[in-house]
$ cat entry_20.cif   # mmCIF, C-alpha atoms and all ligand atoms
data_coords
#
loop_
_atom_site.label_atom_id
_atom_site.label_comp_id
_atom_site.auth_asym_id
_atom_site.auth_seq_id
_atom_site.Cartn_x
_atom_site.Cartn_y
_atom_site.Cartn_z
CA MET P 14 7.88 -27.01 -18.14
CA HIS P 15 8.45 -25.32 -14.79
CA ASN P 16 11.73 -24.01 -13.35
CA VAL P 17 12.58 -23.95 -9.66
CA ILE P 18 13.51 -20.37 -8.73
CA SER P 19 14.13 -18.44 -5.52
CA PRO P 20 12.32 -15.09 -5.85
CA ALA P 21 13.40 -12.29 -3.51
CA ILE P 22 9.86 -10.88 -3.64
CA PHE P 23 6.42 -12.42 -4.15
CA TYR P 24 4.62 -9.34 -5.46
CA TRP P 25 2.33 -11.16 -7.90
CA GLY P 26 0.04 -8.18 -8.54
CA THR P 27 -2.30 -6.46 -6.10
CA PRO P 28 -4.14 -3.13 -6.05
CA VAL P 29 -2.31 -0.15 -4.56
CA VAL P 30 -3.85 1.40 -1.43
CA ILE P 31 -2.86 4.87 -0.19
CA ILE P 32 -3.40 4.89 3.57
CA THR P 33 -4.00 8.17 5.37
CA THR P 34 -3.34 8.31 9.13
CA GLU P 35 -2.90 10.92 11.83
CA ASN P 36 0.59 11.81 13.13
CA GLU P 37 1.44 12.38 16.80
CA ASP P 38 1.26 16.17 16.27
CA GLY P 39 -2.21 16.11 14.68
CA THR P 40 -0.97 16.48 11.09
CA PHE P 41 -1.76 13.74 8.56
CA ASN P 42 0.41 11.23 6.73
CA MET P 43 -0.20 9.15 3.60
CA ALA P 44 1.66 6.12 2.28
CA PRO P 45 1.21 3.70 -0.62
CA MET P 46 1.08 -0.03 0.04
CA SER P 47 -0.22 -3.10 -1.77
CA SER P 48 -0.03 -6.09 0.61
CA ALA P 49 -3.75 -5.86 1.26
CA TRP P 50 -6.57 -8.39 0.98
CA TRP P 51 -10.25 -8.09 1.62
CA LEU P 52 -12.65 -10.35 3.50
CA SER P 53 -16.23 -9.28 4.14
CA ASN P 54 -16.05 -5.68 5.38
CA HIS P 55 -12.51 -6.11 6.72
CA CYS P 56 -9.13 -5.54 5.14
CA MET P 57 -5.85 -7.17 6.23
CA LEU P 58 -2.92 -4.82 5.75
CA GLY P 59 0.68 -6.06 5.66
CA LEU P 60 2.77 -3.13 6.87
CA ALA P 61 6.39 -2.72 7.94
CA GLN P 62 6.69 -2.15 11.67
CA ALA P 63 8.91 0.92 11.30
CA SER P 64 6.61 2.85 8.95
CA GLN P 65 4.95 6.01 10.19
CA THR P 66 1.63 4.63 8.95
CA THR P 67 1.98 1.56 11.16
CA LYS P 68 2.86 3.63 14.23
CA ASN P 69 -0.04 5.98 13.58
CA LEU P 70 -2.52 3.16 13.01
CA LEU P 71 -1.50 1.27 16.15
CA ARG P 72 -1.75 4.46 18.23
CA THR P 73 -4.96 6.04 16.85
CA LYS P 74 -6.69 2.88 15.54
CA GLN P 75 -8.01 4.86 12.58
CA CYS P 76 -7.15 5.22 8.88
CA VAL P 77 -8.62 5.77 5.45
CA LEU P 78 -7.91 3.25 2.67
CA ASN P 79 -7.83 5.28 -0.54
CA LEU P 80 -7.68 3.32 -3.82
CA PRO P 81 -5.86 5.07 -6.67
CA SER P 82 -6.72 4.21 -10.25
CA GLY P 83 -4.35 4.23 -13.21
CA HIS P 84 -4.60 8.01 -13.65
CA MET P 85 -2.88 8.52 -10.27
CA VAL P 86 0.38 6.74 -11.06
CA ASP P 87 2.35 10.03 -10.96
CA ALA P 88 1.21 10.73 -7.39
CA VAL P 89 2.08 7.17 -6.31
CA ASN P 90 5.53 7.57 -7.90
CA LYS P 91 6.01 10.77 -5.89
CA LEU P 92 5.16 8.87 -2.70
CA ALA P 93 7.47 5.96 -3.55
CA LYS P 94 10.66 5.89 -1.46
CA THR P 95 9.40 8.54 0.96
CA THR P 96 8.54 8.14 4.63
CA GLY P 97 6.87 10.27 7.26
CA ALA P 98 9.10 8.65 9.92
CA ILE P 99 12.17 10.71 10.84
CA ASN P 100 14.09 7.63 11.99
CA MET P 101 14.56 5.40 8.99
CA SER P 102 15.32 1.67 9.01
CA PRO P 103 18.69 0.54 7.53
CA PHE P 104 16.69 -0.92 4.61
CA LYS P 105 15.16 2.46 3.79
CA ILE P 106 18.47 4.29 4.11
CA SER P 107 20.23 1.80 1.83
CA THR P 108 17.47 1.88 -0.81
CA GLY P 109 17.31 5.68 -1.09
CA TYR P 110 14.22 6.60 0.93
CA ARG P 111 13.87 10.19 2.20
CA TYR P 112 11.86 11.82 4.95
CA VAL P 113 8.85 13.87 3.78
CA LYS P 114 6.80 15.49 6.51
CA ASP P 115 3.88 16.83 4.43
CA LYS P 116 3.00 14.33 1.73
CA PHE P 117 -0.16 16.20 0.73
CA ALA P 118 2.03 19.18 -0.26
CA HIS P 119 4.63 16.82 -1.77
CA THR P 120 2.10 15.12 -4.09
CA GLY P 121 -0.39 17.94 -4.59
CA LEU P 122 -3.20 15.56 -3.59
CA THR P 123 -6.23 17.05 -1.86
CA ALA P 124 -7.46 16.22 1.66
CA ALA P 125 -11.23 15.82 2.05
CA PRO P 126 -12.75 15.49 5.53
CA SER P 127 -13.88 12.02 6.59
CA ASP P 128 -17.25 11.31 8.23
CA VAL P 129 -16.30 8.85 10.99
CA VAL P 130 -12.51 8.87 11.45
CA ARG P 131 -10.04 11.74 11.87
CA PRO P 132 -7.62 11.06 8.97
CA PRO P 133 -8.82 12.71 5.75
CA ARG P 134 -9.80 11.03 2.52
CA ILE P 135 -7.81 11.69 -0.66
CA ALA P 136 -10.22 13.51 -2.96
CA GLU P 137 -8.57 12.34 -6.20
CA CYS P 138 -9.07 8.63 -5.32
CA PHE P 139 -12.30 7.19 -6.75
CA VAL P 140 -12.65 4.87 -3.72
CA GLN P 141 -12.12 5.95 -0.11
CA MET P 142 -12.84 3.63 2.83
CA GLU P 143 -12.81 4.92 6.39
CA ALA P 144 -11.59 2.14 8.68
CA GLU P 145 -10.85 1.24 12.30
CA LEU P 146 -8.17 -1.11 13.61
CA VAL P 147 -9.48 -4.38 15.06
CA THR P 148 -6.34 -6.45 15.74
CA ALA P 149 -2.62 -6.45 14.98
CA HIS P 150 -0.54 -9.59 14.45
CA ASP P 151 3.25 -9.85 14.30
CA VAL P 152 4.53 -11.18 11.00
CA GLY P 153 8.03 -12.45 10.40
CA GLN P 154 9.20 -12.36 14.00
CA GLY P 155 11.42 -15.35 14.52
CA ALA P 156 11.06 -16.44 10.91
CA GLY P 157 14.48 -15.13 9.99
CA THR P 158 13.18 -12.22 7.93
CA SER P 159 15.27 -9.09 7.70
CA ARG P 160 12.35 -6.76 8.32
CA PHE P 161 9.48 -7.03 10.76
CA ALA P 162 5.91 -6.35 9.83
CA TYR P 163 2.39 -6.41 11.17
CA ALA P 164 -0.76 -7.83 9.68
CA LEU P 165 -3.32 -5.22 10.66
CA ASP P 166 -6.99 -6.18 10.53
CA VAL P 167 -9.08 -3.07 9.89
CA LYS P 168 -12.86 -2.87 9.67
CA ILE P 169 -14.38 -0.62 7.02
CA VAL P 170 -16.88 1.71 8.64
CA ARG P 171 -17.78 3.99 5.72
CA THR P 172 -17.24 3.72 1.95
CA HIS P 173 -17.22 6.63 -0.49
CA VAL P 174 -17.07 6.06 -4.26
CA GLU P 175 -16.92 8.34 -7.27
CA GLU P 176 -20.26 8.44 -9.07
CA GLY P 177 -18.62 7.43 -12.37
CA ILE P 178 -17.63 3.92 -11.20
CA ARG P 179 -21.05 2.92 -9.83
CA LEU P 180 -23.17 0.34 -11.60
CA SER P 181 -26.13 2.13 -13.06
CA GLY P 182 -29.41 1.33 -11.33
CA HIS P 183 -27.69 -0.06 -8.19
CA HIS P 184 -26.89 2.30 -5.33
CA ASN P 185 -24.41 -0.02 -3.58
CA ARG P 186 -22.63 -1.66 -6.51
CA ILE P 187 -19.45 -0.96 -8.46
CA ASP P 188 -19.29 -1.45 -12.23
CA PRO P 189 -16.09 -3.47 -12.81
CA ASP P 190 -16.06 -2.28 -16.43
CA LYS P 191 -15.59 1.26 -15.14
CA TRP P 192 -13.22 0.64 -12.20
CA ARG P 193 -9.55 0.54 -13.18
CA PRO P 194 -7.47 0.00 -10.03
CA LEU P 195 -3.75 0.75 -10.06
CA ILE P 196 -1.99 -2.62 -9.74
CA MET P 197 1.57 -3.12 -8.47
CA SER P 198 3.25 -6.24 -9.84
CA PHE P 199 6.94 -6.87 -9.03
CA GLN P 200 7.32 -3.15 -8.26
CA GLU P 201 5.94 -2.08 -11.68
CA PHE P 202 2.55 -0.45 -12.28
CA TYR P 203 -0.35 -1.72 -14.37
CA THR P 204 -4.05 -1.21 -14.71
CA LEU P 205 -6.46 -3.83 -16.04
CA GLU P 206 -5.55 -2.68 -19.56
CA PRO P 207 -2.69 -4.44 -21.35
CA GLY P 208 0.79 -2.96 -20.93
CA LYS P 209 2.94 -1.46 -18.22
CA LEU P 210 2.39 2.10 -17.06
CA GLU P 211 5.21 4.64 -16.93
CA GLN P 212 8.47 4.00 -15.12
CA SER P 213 8.02 3.02 -11.46
CA VAL P 214 10.16 4.80 -8.85
CA LEU P 215 9.71 1.79 -6.55
CA ALA P 216 11.26 -0.44 -9.20
CA GLU P 217 14.56 1.43 -8.76
CA ILE P 218 15.01 -0.81 -5.70
CA ASP P 219 16.86 -4.01 -6.54
CA GLU P 220 14.56 -6.98 -5.83
CA GLU P 221 17.39 -8.69 -3.97
CA ALA P 222 17.27 -5.93 -1.33
CA TYR P 223 14.00 -7.46 -0.11
CA ARG P 224 15.29 -11.02 0.25
CA PRO P 225 14.78 -12.34 3.79
CA LEU P 226 18.14 -12.84 5.52
CA ILE P 227 17.43 -16.53 6.00
CA GLY P 228 16.94 -16.87 2.24
CA ARG P 229 20.14 -15.12 1.20
CA ALA P 230 22.30 -18.13 1.85
CA ALA P 231 19.81 -20.27 -0.06
CA THR P 232 20.00 -18.37 -3.34
CA SER P 233 23.19 -20.10 -4.38
CA GLU P 234 21.44 -23.44 -3.95
CA VAL P 235 19.09 -22.66 -6.78
CA ASN P 236 20.29 -23.90 -10.10
CA PRO P 237 18.30 -23.79 -13.29
CA SER P 238 16.13 -26.88 -13.20
CA SER P 239 12.72 -27.98 -14.20
CA SER P 240 9.92 -29.77 -12.46
C1 LIG O 301 3.33 0.74 -4.86
C2 LIG O 301 3.89 0.55 -3.46
C3 LIG O 301 3.49 -0.52 -2.70
C4 LIG O 301 3.99 -0.70 -1.41
N1 LIG O 301 3.52 -1.74 -0.65
C5 LIG O 301 3.89 -1.84 0.64
C6 LIG O 301 3.31 -2.82 1.48
O1 LIG O 301 2.44 -3.58 1.07
N2 LIG O 301 3.71 -2.86 2.79
C7 LIG O 301 4.64 -2.00 3.29
O2 LIG O 301 4.97 -2.08 4.48
N3 LIG O 301 5.21 -1.06 2.50
C8 LIG O 301 4.85 -0.95 1.21
N4 LIG O 301 5.39 0.03 0.42
C9 LIG O 301 6.45 0.89 0.99
C10 LIG O 301 5.87 2.01 1.87
O3 LIG O 301 5.19 2.94 1.05
C11 LIG O 301 7.03 2.67 2.61
O4 LIG O 301 7.42 1.82 3.68
C12 LIG O 301 6.76 4.06 3.12
O5 LIG O 301 7.96 4.61 3.59
C13 LIG O 301 5.71 4.12 4.22
O6 LIG O 301 5.51 5.48 4.52
P1 LIG O 301 5.38 5.96 6.02
O7 LIG O 301 6.67 5.58 6.75
O8 LIG O 301 5.22 7.45 5.92
O9 LIG O 301 4.22 5.28 6.59
C14 LIG O 301 4.94 0.22 -0.88
C15 LIG O 301 5.35 1.29 -1.67
C16 LIG O 301 4.85 1.46 -2.96
C17 LIG O 301 5.28 2.64 -3.78
#
$ encode --input "entry_20.cif" --output "structure tokens"
Amino acid sequence: MHNVISPAIFYWGTPVVIITTENEDGTFNMAPMSSAWWLSNHCMLGLAQASQTTKNLLRTKQCVLNLPSGHMVDAVNKLAKTTGAINMSPFKISTGYRYVKDKFAHTGLTAAPSDVVRPPRIAECFVQMEAELVTAHDVGQGAGTSRFAYALDVKIVRTHVEEGIRLSGHHNRIDPDKWRPLIMSFQEFYTLEPGKLEQSVLAEIDEEAYRPLIGRAATSEVNPSSS
């Protein structure tokens, strides 16, 4: 039996990516995100327009996609509800975000120089992909959503991986038995092991805060039913 529901969010479970970018003043920012999918050697990033990461990526056309594994959940929790943008959107103000200028100092994570792009890699992440912006598409504009976003197509130009997750005997392959990405599902954190990881700071935000404006009126239409 299926029920018709009206979810405020559709976060079904995707790996967390910590994106490093360069600020206007030459310092570096980092931010967690998870609306990312991979095709060939490209990644499509779904990012809020007002985020510092988005502004930096559109301006410099460079970033590093750092993939945290389960052991980095504390650092991701420290980054949750922070922004490197001084001017915050009404959504961020109402959901308790705060401005953090130096997120490397804030998290204690270590910057490692990149080979091709200016933003640094995050040393603690087992996977670090240097990338360049190819195109940016508006998402949500005119669709009645309460927040605007971009779908940013980035091309991976160099990939660094921790020795311990490589498939033995194959220089260019990952051993999926050894790679344990940090997964965000409905604001909570998981790995590929059973069970939820520790409390998620992001999950302090009420799911309803994300509901597109056009959908708010529709919630009352949804009654328990089956299909
Ligand atoms: C686990 C996690 C996943 C997130 N996923 C996204 C996402 O896919 N897209 C997005 O725009 N923001 C996402 N966020 C929120 C951003 O991290 C947030 O907008 C942050 O303020 C961006 O930082 P910046 O303004 O310094 O770039 C996520 C946050 C967390 C903790």
$ closest_atom_pairs --input "entry_20.cif" --of "chain P" --to "ligand LIG 301 (chain O)" --cutoff "7 Å" --atoms "only C-alpha atoms and all ligand atoms" --output "JSON lines"
{"residue": "P:Val29", "atom": "CA", "partner": "O:LIG301", "partner_atom": "C1", "distance": 5.7}
{"residue": "P:Asn42", "atom": "CA", "partner": "O:LIG301", "partner_atom": "O8", "distance": 6.2}
{"residue": "P:Met43", "atom": "CA", "partner": "O:LIG301", "partner_atom": "O8", "distance": 6.1}
{"residue": "P:Ala44", "atom": "CA", "partner": "O:LIG301", "partner_atom": "O6", "distance": 4.5}
{"residue": "P:Pro45", "atom": "CA", "partner": "O:LIG301", "partner_atom": "O3", "distance": 4.4}
{"residue": "P:Met46", "atom": "CA", "partner": "O:LIG301", "partner_atom": "N1", "distance": 3.1}
{"residue": "P:Ser47", "atom": "CA", "partner": "O:LIG301", "partner_atom": "O1", "distance": 3.9}
{"residue": "P:Ser48", "atom": "CA", "partner": "O:LIG301", "partner_atom": "O1", "distance": 3.6}
{"residue": "P:Ala49", "atom": "CA", "partner": "O:LIG301", "partner_atom": "O1", "distance": 6.6}
{"residue": "P:Gly59", "atom": "CA", "partner": "O:LIG301", "partner_atom": "N2", "distance": 5.3}
{"residue": "P:Leu60", "atom": "CA", "partner": "O:LIG301", "partner_atom": "O2", "distance": 3.4}
{"residue": "P:Ala61", "atom": "CA", "partner": "O:LIG301", "partner_atom": "O2", "distance": 3.8}
{"residue": "P:Ala63", "atom": "CA", "partner": "O:LIG301", "partner_atom": "O7", "distance": 6.9}
{"residue": "P:Ser64", "atom": "CA", "partner": "O:LIG301", "partner_atom": "O7", "distance": 3.5}
{"residue": "P:Gln65", "atom": "CA", "partner": "O:LIG301", "partner_atom": "O9", "distance": 3.7}
{"residue": "P:Thr66", "atom": "CA", "partner": "O:LIG301", "partner_atom": "O9", "distance": 3.6}
{"residue": "P:Thr67", "atom": "CA", "partner": "O:LIG301", "partner_atom": "O9", "distance": 6.3}
{"residue": "P:Val89", "atom": "CA", "partner": "O:LIG301", "partner_atom": "C17", "distance": 6.1}
{"residue": "P:Asn90", "atom": "CA", "partner": "O:LIG301", "partner_atom": "C17", "distance": 6.4}
{"residue": "P:Leu92", "atom": "CA", "partner": "O:LIG301", "partner_atom": "C17", "distance": 6.3}
{"residue": "P:Ala93", "atom": "CA", "partner": "O:LIG301", "partner_atom": "C17", "distance": 4.0}
{"residue": "P:Lys94", "atom": "CA", "partner": "O:LIG301", "partner_atom": "O5", "distance": 5.9}
{"residue": "P:Thr95", "atom": "CA", "partner": "O:LIG301", "partner_atom": "O5", "distance": 4.9}
{"residue": "P:Thr96", "atom": "CA", "partner": "O:LIG301", "partner_atom": "O8", "distance": 3.6}
{"residue": "P:Gly97", "atom": "CA", "partner": "O:LIG301", "partner_atom": "O8", "distance": 3.5}
{"residue": "P:Ala98", "atom": "CA", "partner": "O:LIG301", "partner_atom": "O7", "distance": 5.0}
{"residue": "P:Ala162", "atom": "CA", "partner": "O:LIG301", "partner_atom": "O2", "distance": 6.9}
{"residue": "P:Met197", "atom": "CA", "partner": "O:LIG301", "partner_atom": "C1", "distance": 5.6}
{"residue": "P:Gln200", "atom": "CA", "partner": "O:LIG301", "partner_atom": "C1", "distance": 6.5}
{"residue": "P:Leu215", "atom": "CA", "partner": "O:LIG301", "partner_atom": "C17", "distance": 5.3}
$ closest_atom_pairs --input "entry_20.cif" --of "range 16-111 of chain P" --to "range 164-188 of chain P" --cutoff "10 Å" --atoms "all atoms listed in the file" --output "tab-separated table"
residue	atom	partner	partner_atom	distance
P:Ser48	CA	P:Ala164	CA	9.3
P:Ala49	CA	P:Ala164	CA	9.1
P:Trp50	CA	P:Asp166	CA	9.8
P:Trp51	CA	P:Asp166	CA	9.7
P:Leu52	CA	P:Lys168	CA	9.7
P:Ser53	CA	P:Lys168	CA	9.1
P:Asn54	CA	P:Ile169	CA	5.6
P:His55	CA	P:Lys168	CA	4.4
P:Cys56	CA	P:Val167	CA	5.4
P:Met57	CA	P:Asp166	CA	4.6
P:Leu58	CA	P:Leu165	CA	4.9
P:Gly59	CA	P:Ala164	CA	4.6
P:Leu60	CA	P:Ala164	CA	6.5
P:Ala61	CA	P:Ala164	CA	9.0
P:Gln62	CA	P:Ala164	CA	9.6
P:Thr67	CA	P:Leu165	CA	8.6
P:Leu70	CA	P:Leu165	CA	8.7
P:Leu71	CA	P:Leu165	CA	8.7
P:Lys74	CA	P:Val167	CA	8.5
P:Gln75	CA	P:Val167	CA	8.4
P:Cys76	CA	P:Val167	CA	8.6
P:Val77	CA	P:Ile169	CA	8.7
P:Leu78	CA	P:Ile169	CA	8.7
P:Asn79	CA	P:His173	CA	9.5
P:Leu80	CA	P:Val174	CA	9.8
$ closest_residue --input "entry_20.cif" --among "P:Thr73, P:Ser19, P:Ser82, P:Thr108" --to "Glu137 in chain P" --atoms "all atoms listed in the file"
P:Ser82
$ residues_around --input "entry_20.cif" --residues "range 201-204 of chain P" --least-positions-apart "4" --cutoff "10 Å" --atoms "all atoms listed in the file" --output "list of chain:residue names"
P:Tyr24, P:Gly26, P:Thr27, P:Pro28, P:Val29, P:Ser82, P:Gly83, P:His84, P:Val86, P:Val89, P:Asn90, P:Trp192, P:Arg193, P:Pro194, P:Leu195, P:Ile196, P:Met197, P:Gly208, P:Lys209, P:Leu210, P:Glu211, P:Gln212, P:Ser213, P:Val214, P:Leu215, P:Ala216, P:Glu217
$ atom_distance --input "entry_20.cif" --atom1 "CA of Phe161 in chain P" --atom2 "CA of Ile18 in chain P"
24.0 Å
$ residues_around --input "entry_20.cif" --residues "Arg134 in chain P" --least-positions-apart "5" --cutoff "7 Å" --atoms "all atoms listed in the file" --output "count of residues only"
7
$ closest_residue --input "entry_20.cif" --among "P:His119, P:Lys91, P:Lys105, P:Lys191" --to "Ala222 in chain P" --atoms "all atoms listed in the file"
P:Lys105
$ atom_distance --input "entry_20.cif" --atom1 "CA of Asn36 in chain P" --atom2 "CA of Val113 in chain P"
12.6 Å
$ atom_distance --input "entry_20.cif" --atom1 "CA of Ile32 in chain P" --atom2 "CA of Val152 in chain P"
19.4 Å
$ closest_residue --input "entry_20.cif" --among "P:Glu145, P:Ile22, P:Pro133, P:Gly121" --to "Ile218 in chain P" --atoms "all atoms listed in the file"
P:Ile22
$ axis_aligned_box --input "entry_20.cif" --around "range 108-113 of chain P" --padding-each-side "6 Å" --output "lines of an AutoDock Vina configuration file"
center_x = 13.2
center_y = 7.9
center_z = 1.9
size_x = 20.6
size_y = 24.0
size_z = 18.0
$ closest_residue --input "entry_20.cif" --among "P:Thr40, P:Asn16, P:Asn69, P:Ser198" --to "Asp115 in chain P" --atoms "only C-alpha atoms"
P:Thr40
$ closest_residue --input "entry_20.cif" --among "P:Ser107, P:His15, P:Gly39, P:Met101" --to "Arg131 in chain P" --atoms "all atoms listed in the file"
P:Gly39
$ closest_residue --input "entry_20.cif" --among "P:Leu146, P:Ala118, P:Ala88, P:Cys138" --to "Arg72 in chain P" --atoms "all atoms listed in the file"
P:Leu146
